[in-house]
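Just my_file-v4.tsv here, TSV, C-alpha atoms and all ligand atoms:
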```tsv
chain	number	residue	atom	x	y	z
A	1	MET	CA	121.00	100.10	62.33
A	2	ARG	CA	118.21	101.73	60.39
A	3	LEU	CA	115.44	100.90	62.87
A	4	GLN	CA	117.28	101.48	66.13
A	5	GLY	CA	114.86	102.69	68.80
A	6	LYS	CA	111.75	101.62	66.84
A	7	THR	CA	109.11	99.25	68.16
A	8	VAL	CA	107.41	97.37	65.36
A	9	LEU	CA	104.34	95.12	65.34
A	10	ILE	CA	103.98	92.67	62.44
A	11	THR	CA	100.94	90.51	61.65
A	12	ALA	CA	101.18	87.18	59.79
A	13	ALA	CA	104.87	86.98	60.69
A	14	GLY	CA	105.05	83.19	60.96
A	15	GLN	CA	106.04	82.58	57.34
A	16	GLY	CA	106.58	84.23	53.98
A	17	ILE	CA	106.96	88.00	53.64
A	18	GLY	CA	105.89	88.74	57.24
A	19	ARG	CA	108.54	86.42	58.66
A	20	ALA	CA	111.32	87.76	56.42
A	21	SER	CA	110.27	91.30	57.38
A	22	ALA	CA	110.35	90.47	61.10
A	23	LEU	CA	113.89	89.12	60.72
A	24	ALA	CA	114.99	92.11	58.63
A	25	CYS	CA	113.53	94.62	61.11
A	26	ALA	CA	115.25	92.85	64.02
A	27	ARG	CA	118.56	92.89	62.13
A	28	GLU	CA	118.13	96.66	61.72
A	29	GLY	CA	117.80	97.12	65.48
A	30	ALA	CA	114.01	97.30	65.95
A	31	ARG	CA	112.19	95.77	68.88
A	32	VAL	CA	109.96	93.38	66.90
A	33	ILE	CA	106.65	91.96	68.09
A	34	ALA	CA	105.80	89.22	65.61
A	35	THR	CA	102.27	87.79	65.56
A	36	ASP	CA	100.46	85.05	63.66
A	37	ILE	CA	97.74	82.44	64.20
A	38	ASN	CA	100.22	79.61	63.73
A	39	PRO	CA	102.09	78.74	66.96
A	40	THR	CA	104.49	76.35	65.19
A	41	THR	CA	105.92	78.90	62.76
A	42	LEU	CA	106.10	81.51	65.54
A	43	ALA	CA	108.12	79.07	67.65
A	44	THR	CA	110.62	78.49	64.83
A	45	LEU	CA	110.87	82.26	64.29
A	46	ARG	CA	111.71	82.72	67.95
A	47	GLU	CA	114.37	80.00	67.67
A	48	GLU	CA	115.84	81.70	64.62
A	49	ALA	CA	115.99	85.15	66.24
A	50	GLN	CA	115.67	85.12	70.00
A	51	ALA	CA	115.34	88.90	70.28
A	52	ILE	CA	112.03	88.78	68.42
A	53	GLU	CA	108.99	88.70	70.71
A	54	THR	CA	106.17	86.51	69.44
A	55	ALA	CA	102.48	86.30	70.24
A	56	LEU	CA	99.49	84.44	68.87
A	57	LEU	CA	97.04	86.87	67.27
A	58	ASP	CA	94.10	86.15	64.99
A	59	VAL	CA	93.57	89.42	63.18
A	60	ARG	CA	89.99	88.38	62.33
A	61	ASP	CA	89.06	88.45	66.02
A	62	SER	CA	88.17	92.04	67.00
A	63	GLU	CA	88.11	91.35	70.72
A	64	ALA	CA	91.46	89.56	70.64
A	65	VAL	CA	92.99	92.45	68.69
A	66	ARG	CA	91.67	94.99	71.22
A	67	ARG	CA	92.90	92.90	74.17
A	68	PHE	CA	96.32	92.40	72.58
A	69	ALA	CA	96.70	96.09	71.68
A	70	ALA	CA	96.15	97.01	75.33
A	71	THR	CA	99.24	94.96	76.27
A	72	LEU	CA	101.57	96.56	73.71
A	73	PRO	CA	104.26	99.15	74.25
A	74	PRO	CA	103.63	102.29	72.14
A	75	LEU	CA	104.47	101.41	68.54
A	76	THR	CA	106.56	103.41	66.10
A	77	GLY	CA	105.97	100.92	63.31
A	78	LEU	CA	103.19	98.59	62.21
A	79	PHE	CA	103.29	96.16	59.29
A	80	ASN	CA	99.85	94.72	58.50
A	81	CYS	CA	100.84	91.70	56.43
A	82	ALA	CA	97.98	89.20	56.87
A	83	GLY	CA	96.12	88.33	53.69
A	84	PHE	CA	94.65	85.48	51.66
A	85	VAL	CA	94.56	84.75	47.92
A	86	HIS	CA	91.17	83.49	46.73
A	87	HIS	CA	91.47	81.82	43.31
A	88	GLY	CA	88.74	82.52	40.79
A	89	GLY	CA	86.60	85.06	38.99
A	90	ILE	CA	83.32	86.54	40.16
A	91	LEU	CA	81.35	83.37	39.35
A	92	GLU	CA	83.63	81.31	41.59
A	93	CYS	CA	83.31	83.80	44.43
A	94	GLU	CA	80.48	82.97	46.82
A	95	GLU	CA	79.35	85.57	49.35
A	96	ALA	CA	81.23	83.66	52.04
A	97	ASP	CA	84.43	83.91	49.96
A	98	TRP	CA	83.89	87.66	49.51
A	99	ASP	CA	83.28	88.14	53.24
A	100	PHE	CA	86.28	86.06	54.26
A	101	SER	CA	88.66	87.86	51.89
A	102	PHE	CA	87.48	91.31	52.87
A	103	ASP	CA	87.58	90.38	56.54
A	104	LEU	CA	91.14	89.02	56.46
A	105	ASN	CA	92.62	91.29	53.79
A	106	VAL	CA	90.99	94.62	54.68
A	107	LYS	CA	88.97	94.71	57.90
A	108	SER	CA	91.82	93.11	59.85
A	109	MET	CA	93.95	96.16	59.01
A	110	TYR	CA	91.18	98.50	60.14
A	111	ARG	CA	90.99	96.51	63.40
A	112	VAL	CA	94.70	96.52	64.12
A	113	ILE	CA	95.25	100.17	63.14
A	114	ARG	CA	92.22	101.37	65.10
A	115	ALA	CA	93.37	99.47	68.19
A	116	THR	CA	96.99	100.67	68.06
A	117	LEU	CA	96.75	104.19	66.61
A	118	PRO	CA	95.76	106.15	69.75
A	119	ALA	CA	98.88	104.99	71.64
A	120	MET	CA	101.02	105.57	68.54
A	121	LEU	CA	99.79	109.15	68.29
A	122	GLU	CA	100.30	109.75	72.01
A	123	GLN	CA	103.83	108.39	71.78
A	124	MET	CA	104.52	110.68	68.82
A	125	LYS	CA	103.29	113.69	70.77
A	126	ALA	CA	105.25	112.80	73.89
A	127	SER	CA	108.57	111.86	72.27
A	128	GLY	CA	108.49	113.66	68.93
A	129	GLN	CA	109.33	110.33	67.25
A	130	ALA	CA	107.60	109.73	63.91
A	131	ALA	CA	105.59	106.58	63.25
A	132	SER	CA	104.91	104.56	60.12
A	133	ILE	CA	102.26	102.07	59.06
A	134	VAL	CA	102.78	99.67	56.14
A	135	ASN	CA	99.78	97.81	54.76
A	136	MET	CA	100.24	94.80	52.49
A	137	ALA	CA	98.43	95.30	49.17
A	138	SER	CA	99.53	93.76	45.84
A	139	MET	CA	100.12	94.59	42.19
A	140	ALA	CA	96.78	92.73	41.79
A	141	SER	CA	94.60	95.59	43.05
A	142	SER	CA	93.57	98.97	41.67
A	143	LEU	CA	96.95	98.91	39.89
A	144	LYS	CA	96.22	95.99	37.54
A	145	GLY	CA	93.62	93.32	36.96
A	146	PHE	CA	94.66	89.66	36.80
A	147	THR	CA	92.62	86.61	35.80
A	148	ASN	CA	91.24	84.57	38.71
A	149	ARG	CA	92.01	87.31	41.23
A	150	PHE	CA	88.50	88.81	41.48
A	151	VAL	CA	87.97	89.26	45.20
A	152	TYR	CA	91.69	89.35	45.92
A	153	GLY	CA	92.15	92.31	43.55
A	154	ALA	CA	89.07	94.05	44.95
A	155	SER	CA	90.26	93.62	48.53
A	156	LYS	CA	93.81	94.77	47.80
A	157	ALA	CA	92.41	97.84	45.96
A	158	ALA	CA	90.52	98.59	49.18
A	159	VAL	CA	93.79	98.34	51.11
A	160	ILE	CA	95.29	101.03	48.88
A	161	GLY	CA	92.23	103.26	49.35
A	162	MET	CA	92.28	102.79	53.13
A	163	THR	CA	96.01	103.50	53.21
A	164	LYS	CA	95.62	106.79	51.31
A	165	ALA	CA	92.74	107.88	53.56
A	166	ILE	CA	94.79	107.25	56.72
A	167	ALA	CA	97.80	108.99	55.16
A	168	ALA	CA	95.64	112.04	54.40
A	169	ASP	CA	94.15	112.18	57.90
A	170	TYR	CA	97.45	111.95	59.78
A	171	ALA	CA	100.11	113.50	57.48
A	172	LYS	CA	100.11	116.76	59.48
A	173	LEU	CA	100.81	114.84	62.69
A	174	GLY	CA	103.78	113.05	61.12
A	175	LEU	CA	102.21	109.60	60.99
A	176	ARG	CA	102.88	107.98	57.63
A	177	CYS	CA	100.91	105.19	56.00
A	178	ASN	CA	101.95	103.37	52.82
A	179	ALA	CA	100.84	100.28	50.93
A	180	LEU	CA	103.27	97.70	49.60
A	181	CYS	CA	102.43	96.12	46.24
A	182	PRO	CA	104.58	93.09	45.42
A	183	GLY	CA	104.58	91.02	42.27
A	184	THR	CA	104.49	87.23	42.67
A	185	VAL	CA	106.64	86.19	45.62
A	186	ASP	CA	107.95	82.70	46.34
A	187	THR	CA	106.31	81.94	49.71
A	188	PRO	CA	104.68	78.86	51.26
A	189	SER	CA	101.22	79.96	50.14
A	190	LEU	CA	102.41	80.55	46.55
A	191	ARG	CA	103.87	77.02	46.58
A	192	GLY	CA	100.43	75.82	47.71
A	193	ARG	CA	98.71	77.68	44.84
A	194	ILE	CA	101.17	76.17	42.35
A	195	ALA	CA	100.69	72.66	43.79
A	196	ALA	CA	96.89	73.04	43.60
A	197	ALA	CA	96.96	73.90	39.87
A	198	ALA	CA	95.92	71.26	37.31
A	199	ASP	CA	99.46	71.40	35.89
A	200	PRO	CA	101.83	72.67	38.61
A	201	VAL	CA	104.91	72.83	36.34
A	202	GLN	CA	103.03	74.99	33.83
A	203	ALA	CA	101.50	77.08	36.65
A	204	GLU	CA	104.97	77.99	37.94
A	205	LYS	CA	106.14	78.81	34.40
A	206	ASP	CA	103.08	81.07	33.94
A	207	PHE	CA	103.74	82.94	37.19
A	208	ILE	CA	107.35	83.52	36.09
A	209	ALA	CA	106.42	84.46	32.52
A	210	ARG	CA	104.36	87.44	33.63
A	211	GLN	CA	107.29	88.98	35.53
A	212	PRO	CA	109.60	90.78	33.03
A	213	MET	CA	112.65	90.13	35.21
A	214	GLY	CA	112.09	86.44	34.48
A	215	ARG	CA	111.83	85.09	38.00
A	216	LEU	CA	109.62	85.03	41.05
A	217	ALA	CA	110.40	87.57	43.75
A	218	THR	CA	111.95	86.18	46.91
A	219	VAL	CA	110.89	87.37	50.35
A	220	ASP	CA	114.28	89.10	50.51
A	221	ASP	CA	113.26	91.29	47.58
A	222	ILE	CA	110.30	92.53	49.63
A	223	ALA	CA	111.52	92.75	53.26
A	224	PRO	CA	114.01	95.60	52.54
A	225	GLN	CA	111.10	97.70	51.28
A	226	VAL	CA	109.30	97.11	54.57
A	227	VAL	CA	112.42	98.22	56.46
A	228	PHE	CA	112.69	101.31	54.26
A	229	LEU	CA	109.04	102.29	54.74
A	230	LEU	CA	109.24	101.78	58.51
A	231	SER	CA	112.52	103.70	58.78
A	232	ASP	CA	113.12	107.45	58.84
A	233	GLU	CA	114.77	107.12	55.42
A	234	SER	CA	111.25	107.31	54.00
A	235	LYS	CA	110.16	110.17	56.26
A	236	PHE	CA	108.73	112.23	53.35
A	237	VAL	CA	106.87	109.26	51.79
A	238	THR	CA	103.22	108.76	52.64
A	239	GLY	CA	100.02	107.55	50.99
A	240	GLN	CA	101.94	105.64	48.32
A	241	ALA	CA	101.32	102.29	46.70
A	242	VAL	CA	104.95	101.13	46.55
A	243	VAL	CA	105.35	98.60	43.73
A	244	VAL	CA	108.01	95.86	43.91
A	245	ASP	CA	107.07	93.64	40.99
A	246	GLY	CA	110.08	92.88	38.78
A	247	GLY	CA	108.60	95.09	36.08
A	248	VAL	CA	105.05	93.77	35.66
A	249	LEU	CA	103.58	97.28	35.76
A	250	ILE	CA	106.12	98.80	33.34
B	1	LIG	P1	101.66	83.22	53.30
B	1	LIG	O1	100.37	83.38	52.59
B	1	LIG	O2	102.55	82.09	52.91
B	1	LIG	O3	101.42	83.18	54.87
B	1	LIG	C1	100.35	83.85	55.43
B	1	LIG	C2	100.51	83.92	56.93
B	1	LIG	O4	99.33	84.52	57.45
B	1	LIG	C3	100.63	82.56	57.60
B	1	LIG	O5	101.71	82.59	58.52
B	1	LIG	C4	99.30	82.39	58.33
B	1	LIG	O6	99.37	81.62	59.50
B	1	LIG	C5	98.95	83.85	58.62
B	1	LIG	N1	97.53	84.07	58.87
B	1	LIG	C6	96.49	83.54	58.18
B	1	LIG	N2	95.32	83.93	58.75
B	1	LIG	C7	95.64	84.73	59.79
B	1	LIG	C8	94.87	85.41	60.78
B	1	LIG	N3	93.54	85.34	60.77
B	1	LIG	N4	95.51	86.13	61.73
B	1	LIG	C9	96.87	86.19	61.73
B	1	LIG	N5	97.65	85.56	60.83
B	1	LIG	C10	97.03	84.84	59.89
B	1	LIG	O7	102.48	84.60	53.19
B	1	LIG	P2	102.80	85.52	51.94
B	1	LIG	O8	102.59	84.81	50.63
B	1	LIG	O9	104.11	86.14	52.25
B	1	LIG	O10	101.65	86.63	52.00
B	1	LIG	C11	101.67	87.64	52.98
B	1	LIG	C12	100.92	88.84	52.46
B	1	LIG	O11	101.53	89.29	51.25
B	1	LIG	C13	99.46	88.60	52.14
B	1	LIG	O12	98.71	89.75	52.51
B	1	LIG	C14	99.46	88.45	50.63
B	1	LIG	O13	98.22	88.78	50.05
B	1	LIG	C15	100.54	89.43	50.26
B	1	LIG	N6	101.13	89.23	48.93
B	1	LIG	C16	101.70	88.02	48.64
B	1	LIG	C17	102.23	87.84	47.37
B	1	LIG	C18	102.82	86.51	46.97
B	1	LIG	O14	103.01	86.29	45.77
B	1	LIG	N7	103.17	85.64	47.91
B	1	LIG	C19	102.18	88.88	46.42
B	1	LIG	C20	101.61	90.09	46.78
B	1	LIG	C21	101.08	90.26	48.05
```
Before we go any further, please render this structure as structure tokens.
Amino acid sequence: MRLQGKTVLITAAGQGIGRASALACAREGARVIATDINPTTLATLREEAQAIETALLDVRDSEAVRRFAATLPPLTGLFNCAGFVHHGGILECEEADWDFSFDLNVKSMYRVIRATLPAMLEQMKASGQAASIVNMASMASSLKGFTNRFVYGASKAAVIGMTKAIAADYAKLGLRCNALCPGTVDTPSLRGRIAAAADPVQAEKDFIARQPMGRLATVDDIAPQVVFLLSDESKFVTGQAVVVDGGVLI
């Protein structure tokens, strides 16, 4: 049980990578508090793993995040997973698209970390237990540019910068902060992006073609990395952009 004794909060845990990570953390013995804005997927998660606690949380709502944080037990792990893929280049990105992407992909993490960090630090001081934050970035970020990922790439680059800044500020106290940078992962929202393409069959082939391992990642390729980064196995790892991309960045 690699997360025995840990208490982990996960955002966007209703489906995709967040859900798989919630299940993986629970299997490894963590107390998991899984949040999302979608009550239906949270209900099915709870059915699938009754030990997982679930709560509705819109990470774009500062007041709701503050209120929710005040109800939490002290955390030893936080996985900020919420994010949105805007499709298009700069000319397809209106100011509202920019603001939405930065709000959901970046500012939400600032909100959740700022609201939960004081209790995390207090808990660390009181118990001597280390804590770990994992922020969801992407290979499409400061690591590599992709077509039609203008504001997505910019926002995920900001996640990496924010992660490194937090890692630098709190390394001495033993709080770690890392960013996770997956390649293309087969999740409900990816299926939506494929279905929305002019030629969905070709779109799926194109996503696969850019991954040297010749397939899409599954959520089970990514969740073990979340477990690793939240566990004490990674206790000397901080400020890193951890790439799990089937070789795209080779
Ligand atoms: P997804 O996009 O299929 O699901 C997203 C989840 O976020 C949904 O459950 C949704 O209800 C929730 N959500 C949306 N707005 C929210 C809000 N305001 N507050 C709380 N929850 C909200 O899941 P996914 O594809 O696994 O993506 C999860 C994260 O992984 C995102 O940050 C995404 O950018 C990142 N990522 C995904 C891929 C990929 O190929 N799927 C690759 C790299 C990074």
At most 9 Å is the cut-off: for each residue in chain A with any atom that close to an atom of ligand LIG 1 (chain B), write down the nearest atom pair and the distance in Å rounded to one decimal, counting all atoms listed in the file, chain first then increasing number, as JSON lines.
```
{"residue": "A:Thr11", "atom": "CA", "partner": "B:LIG1", "partner_atom": "C9", "distance": 5.9}
{"residue": "A:Ala12", "atom": "CA", "partner": "B:LIG1", "partner_atom": "O4", "distance": 4.0}
{"residue": "A:Ala13", "atom": "CA", "partner": "B:LIG1", "partner_atom": "O5", "distance": 5.8}
{"residue": "A:Gly14", "atom": "CA", "partner": "B:LIG1", "partner_atom": "O5", "distance": 4.2}
{"residue": "A:Gln15", "atom": "CA", "partner": "B:LIG1", "partner_atom": "O5", "distance": 4.5}
{"residue": "A:Gly16", "atom": "CA", "partner": "B:LIG1", "partner_atom": "O9", "distance": 3.6}
{"residue": "A:Ile17", "atom": "CA", "partner": "B:LIG1", "partner_atom": "O9", "distance": 3.7}
{"residue": "A:Gly18", "atom": "CA", "partner": "B:LIG1", "partner_atom": "O9", "distance": 5.9}
{"residue": "A:Arg19", "atom": "CA", "partner": "B:LIG1", "partner_atom": "O9", "distance": 7.8}
{"residue": "A:Ala20", "atom": "CA", "partner": "B:LIG1", "partner_atom": "O9", "distance": 8.5}
{"residue": "A:Thr35", "atom": "CA", "partner": "B:LIG1", "partner_atom": "C9", "distance": 6.8}
{"residue": "A:Asp36", "atom": "CA", "partner": "B:LIG1", "partner_atom": "N5", "distance": 4.0}
{"residue": "A:Ile37", "atom": "CA", "partner": "B:LIG1", "partner_atom": "C9", "distance": 4.6}
{"residue": "A:Asn38", "atom": "CA", "partner": "B:LIG1", "partner_atom": "O6", "distance": 4.8}
{"residue": "A:Pro39", "atom": "CA", "partner": "B:LIG1", "partner_atom": "O6", "distance": 8.4}
{"residue": "A:Thr41", "atom": "CA", "partner": "B:LIG1", "partner_atom": "O5", "distance": 7.0}
{"residue": "A:Leu42", "atom": "CA", "partner": "B:LIG1", "partner_atom": "O5", "distance": 8.3}
{"residue": "A:Leu56", "atom": "CA", "partner": "B:LIG1", "partner_atom": "C9", "distance": 7.8}
{"residue": "A:Leu57", "atom": "CA", "partner": "B:LIG1", "partner_atom": "C9", "distance": 5.6}
{"residue": "A:Asp58", "atom": "CA", "partner": "B:LIG1", "partner_atom": "N4", "distance": 3.6}
{"residue": "A:Val59", "atom": "CA", "partner": "B:LIG1", "partner_atom": "N4", "distance": 4.1}
{"residue": "A:Arg60", "atom": "CA", "partner": "B:LIG1", "partner_atom": "N3", "distance": 4.9}
{"residue": "A:Asp61", "atom": "CA", "partner": "B:LIG1", "partner_atom": "N3", "distance": 7.6}
{"residue": "A:Asn80", "atom": "CA", "partner": "B:LIG1", "partner_atom": "O12", "distance": 7.9}
{"residue": "A:Cys81", "atom": "CA", "partner": "B:LIG1", "partner_atom": "O12", "distance": 4.9}
{"residue": "A:Ala82", "atom": "CA", "partner": "B:LIG1", "partner_atom": "O12", "distance": 4.5}
{"residue": "A:Gly83", "atom": "CA", "partner": "B:LIG1", "partner_atom": "O12", "distance": 3.2}
{"residue": "A:Phe84", "atom": "CA", "partner": "B:LIG1", "partner_atom": "O13", "distance": 5.1}
{"residue": "A:Val85", "atom": "CA", "partner": "B:LIG1", "partner_atom": "O13", "distance": 5.8}
{"residue": "A:Asp103", "atom": "CA", "partner": "B:LIG1", "partner_atom": "N3", "distance": 8.9}
{"residue": "A:Leu104", "atom": "CA", "partner": "B:LIG1", "partner_atom": "N3", "distance": 6.2}
{"residue": "A:Asn105", "atom": "CA", "partner": "B:LIG1", "partner_atom": "O12", "distance": 6.4}
{"residue": "A:Ser108", "atom": "CA", "partner": "B:LIG1", "partner_atom": "N3", "distance": 8.0}
{"residue": "A:Asn135", "atom": "CA", "partner": "B:LIG1", "partner_atom": "O12", "distance": 8.4}
{"residue": "A:Met136", "atom": "CA", "partner": "B:LIG1", "partner_atom": "O12", "distance": 5.3}
{"residue": "A:Ala137", "atom": "CA", "partner": "B:LIG1", "partner_atom": "C21", "distance": 5.8}
{"residue": "A:Ser138", "atom": "CA", "partner": "B:LIG1", "partner_atom": "C20", "distance": 4.3}
{"residue": "A:Met139", "atom": "CA", "partner": "B:LIG1", "partner_atom": "C20", "distance": 6.6}
{"residue": "A:Ala140", "atom": "CA", "partner": "B:LIG1", "partner_atom": "C20", "distance": 7.4}
{"residue": "A:Tyr152", "atom": "CA", "partner": "B:LIG1", "partner_atom": "O13", "distance": 7.7}
{"residue": "A:Lys156", "atom": "CA", "partner": "B:LIG1", "partner_atom": "O13", "distance": 7.8}
{"residue": "A:Leu180", "atom": "CA", "partner": "B:LIG1", "partner_atom": "C21", "distance": 7.9}
{"residue": "A:Cys181", "atom": "CA", "partner": "B:LIG1", "partner_atom": "C20", "distance": 6.1}
{"residue": "A:Pro182", "atom": "CA", "partner": "B:LIG1", "partner_atom": "C20", "distance": 4.4}
{"residue": "A:Gly183", "atom": "CA", "partner": "B:LIG1", "partner_atom": "C19", "distance": 5.2}
{"residue": "A:Thr184", "atom": "CA", "partner": "B:LIG1", "partner_atom": "O14", "distance": 3.6}
{"residue": "A:Val185", "atom": "CA", "partner": "B:LIG1", "partner_atom": "O14", "distance": 3.6}
{"residue": "A:Asp186", "atom": "CA", "partner": "B:LIG1", "partner_atom": "N7", "distance": 5.8}
{"residue": "A:Thr187", "atom": "CA", "partner": "B:LIG1", "partner_atom": "O8", "distance": 4.8}
{"residue": "A:Pro188", "atom": "CA", "partner": "B:LIG1", "partner_atom": "O2", "distance": 4.2}
{"residue": "A:Ser189", "atom": "CA", "partner": "B:LIG1", "partner_atom": "O2", "distance": 3.7}
{"residue": "A:Leu190", "atom": "CA", "partner": "B:LIG1", "partner_atom": "N7", "distance": 5.3}
{"residue": "A:Arg191", "atom": "CA", "partner": "B:LIG1", "partner_atom": "O2", "distance": 8.2}
{"residue": "A:Gly192", "atom": "CA", "partner": "B:LIG1", "partner_atom": "O2", "distance": 8.4}
{"residue": "A:Leu216", "atom": "CA", "partner": "B:LIG1", "partner_atom": "O14", "distance": 8.2}
{"residue": "A:Ala217", "atom": "CA", "partner": "B:LIG1", "partner_atom": "O14", "distance": 7.8}
{"residue": "A:Thr218", "atom": "CA", "partner": "B:LIG1", "partner_atom": "N7", "distance": 8.9}
{"residue": "A:Val219", "atom": "CA", "partner": "B:LIG1", "partner_atom": "O9", "distance": 7.1}
{"residue": "A:Asp245", "atom": "CA", "partner": "B:LIG1", "partner_atom": "C20", "distance": 8.7}
```
Could those selected residues go to a file with C-alpha atoms, as a PDB file, in the frame of the given file?
```pdb
ATOM      1  CA  THR A  11     100.940  90.510  61.650  1.00  0.00           C
ATOM      2  CA  ALA A  12     101.180  87.180  59.790  1.00  0.00           C
ATOM      3  CA  ALA A  13     104.870  86.980  60.690  1.00  0.00           C
ATOM      4  CA  GLY A  14     105.050  83.190  60.960  1.00  0.00           C
ATOM      5  CA  GLN A  15     106.040  82.580  57.340  1.00  0.00           C
ATOM      6  CA  GLY A  16     106.580  84.230  53.980  1.00  0.00           C
ATOM      7  CA  ILE A  17     106.960  88.000  53.640  1.00  0.00           C
ATOM      8  CA  GLY A  18     105.890  88.740  57.240  1.00  0.00           C
ATOM      9  CA  ARG A  19     108.540  86.420  58.660  1.00  0.00           C
ATOM     10  CA  ALA A  20     111.320  87.760  56.420  1.00  0.00           C
ATOM     11  CA  THR A  35     102.270  87.790  65.560  1.00  0.00           C
ATOM     12  CA  ASP A  36     100.460  85.050  63.660  1.00  0.00           C
ATOM     13  CA  ILE A  37      97.740  82.440  64.200  1.00  0.00           C
ATOM     14  CA  ASN A  38     100.220  79.610  63.730  1.00  0.00           C
ATOM     15  CA  PRO A  39     102.090  78.740  66.960  1.00  0.00           C
ATOM     16  CA  THR A  41     105.920  78.900  62.760  1.00  0.00           C
ATOM     17  CA  LEU A  42     106.100  81.510  65.540  1.00  0.00           C
ATOM     18  CA  LEU A  56      99.490  84.440  68.870  1.00  0.00           C
ATOM     19  CA  LEU A  57      97.040  86.870  67.270  1.00  0.00           C
ATOM     20  CA  ASP A  58      94.100  86.150  64.990  1.00  0.00           C
ATOM     21  CA  VAL A  59      93.570  89.420  63.180  1.00  0.00           C
ATOM     22  CA  ARG A  60      89.990  88.380  62.330  1.00  0.00           C
ATOM     23  CA  ASP A  61      89.060  88.450  66.020  1.00  0.00           C
ATOM     24  CA  ASN A  80      99.850  94.720  58.500  1.00  0.00           C
ATOM     25  CA  CYS A  81     100.840  91.700  56.430  1.00  0.00           C
ATOM     26  CA  ALA A  82      97.980  89.200  56.870  1.00  0.00           C
ATOM     27  CA  GLY A  83      96.120  88.330  53.690  1.00  0.00           C
ATOM     28  CA  PHE A  84      94.650  85.480  51.660  1.00  0.00           C
ATOM     29  CA  VAL A  85      94.560  84.750  47.920  1.00  0.00           C
ATOM     30  CA  ASP A 103      87.580  90.380  56.540  1.00  0.00           C
ATOM     31  CA  LEU A 104      91.140  89.020  56.460  1.00  0.00           C
ATOM     32  CA  ASN A 105      92.620  91.290  53.790  1.00  0.00           C
ATOM     33  CA  SER A 108      91.820  93.110  59.850  1.00  0.00           C
ATOM     34  CA  ASN A 135      99.780  97.810  54.760  1.00  0.00           C
ATOM     35  CA  MET A 136     100.240  94.800  52.490  1.00  0.00           C
ATOM     36  CA  ALA A 137      98.430  95.300  49.170  1.00  0.00           C
ATOM     37  CA  SER A 138      99.530  93.760  45.840  1.00  0.00           C
ATOM     38  CA  MET A 139     100.120  94.590  42.190  1.00  0.00           C
ATOM     39  CA  ALA A 140      96.780  92.730  41.790  1.00  0.00           C
ATOM     40  CA  TYR A 152      91.690  89.350  45.920  1.00  0.00           C
ATOM     41  CA  LYS A 156      93.810  94.770  47.800  1.00  0.00           C
ATOM     42  CA  LEU A 180     103.270  97.700  49.600  1.00  0.00           C
ATOM     43  CA  CYS A 181     102.430  96.120  46.240  1.00  0.00           C
ATOM     44  CA  PRO A 182     104.580  93.090  45.420  1.00  0.00           C
ATOM     45  CA  GLY A 183     104.580  91.020  42.270  1.00  0.00           C
ATOM     46  CA  THR A 184     104.490  87.230  42.670  1.00  0.00           C
ATOM     47  CA  VAL A 185     106.640  86.190  45.620  1.00  0.00           C
ATOM     48  CA  ASP A 186     107.950  82.700  46.340  1.00  0.00           C
ATOM     49  CA  THR A 187     106.310  81.940  49.710  1.00  0.00           C
ATOM     50  CA  PRO A 188     104.680  78.860  51.260  1.00  0.00           C
ATOM     51  CA  SER A 189     101.220  79.960  50.140  1.00  0.00           C
ATOM     52  CA  LEU A 190     102.410  80.550  46.550  1.00  0.00           C
ATOM     53  CA  ARG A 191     103.870  77.020  46.580  1.00  0.00           C
ATOM     54  CA  GLY A 192     100.430  75.820  47.710  1.00  0.00           C
ATOM     55  CA  LEU A 216     109.620  85.030  41.050  1.00  0.00           C
ATOM     56  CA  ALA A 217     110.400  87.570  43.750  1.00  0.00           C
ATOM     57  CA  THR A 218     111.950  86.180  46.910  1.00  0.00           C
ATOM     58  CA  VAL A 219     110.890  87.370  50.350  1.00  0.00           C
ATOM     59  CA  ASP A 245     107.070  93.640  40.990  1.00  0.00           C
TER      60      ASP A 245
END
```
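Using all atoms listed in the file, the smallest distance between any of A:Leu143, A:Met120, A:Ile133, A:Ala55 and Pro74 of chain A comes from A:Met120.
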Find the spatial neighbours of Thr76 of chain A, counting all atoms listed in the file, within a cut-off of 12 Å - ignore same-chain residues fewer than 5 positions away - and output them as a VMD selection string.
chain A and resid 3 to 10 30 to 33 116 to 125 127 to 134 174 to 177 229 to 232
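Comparing A:Thr238, A:Phe68, A:Leu45, A:Ile208 by their smallest distance to Lys172 of chain A, the closest is A:Thr238 (using all atoms listed in the file).
Nearest residue to Phe150 of chain A, choosing from A:Lys107, A:His86, A:Arg66, A:Arg210 and counting all atoms listed in the file: A:His86.
With all atoms listed in the file as the atoms that count, the minimum distance from Ala96 of chain A to the choices A:Val112, A:Val151, A:Leu72, A:Val65 is reached by A:Val151.
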Would you mind listing what lies within 10 Å of Met162 of chain A as a VMD selection string, with only C-alpha atoms counted and same-chain residues fewer than 2 positions away left out?
chain A and resid 106 to 107 109 to 110 135 156 to 160 164 to 168 177 to 179 239
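Shortest atom-to-atom contact with Asn148 of chain A among A:Pro224, A:Gly89, A:Gly29, A:Gly161: A:Gly89, counting only C-alpha atoms.
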Between A:Ala64, A:Gly88, A:Ala171, A:Met1, single out the one closest to Phe236 of chain A, counting all atoms listed in the file.
A:Ala171
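The interatomic distance for the pair atom CA of Ser21 of chain A and atom CA of Ala70 of chain A works out to 23.5 Å.
Here atom CA of Ala241 of chain A stands at a distance of 8.5 Å from atom CA of Thr163 of chain A.
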Report the distance between atom CA of Leu23 of chain A and atom CA of Gly246 of chain A in Å, rounded to one decimal place.
22.6 Å
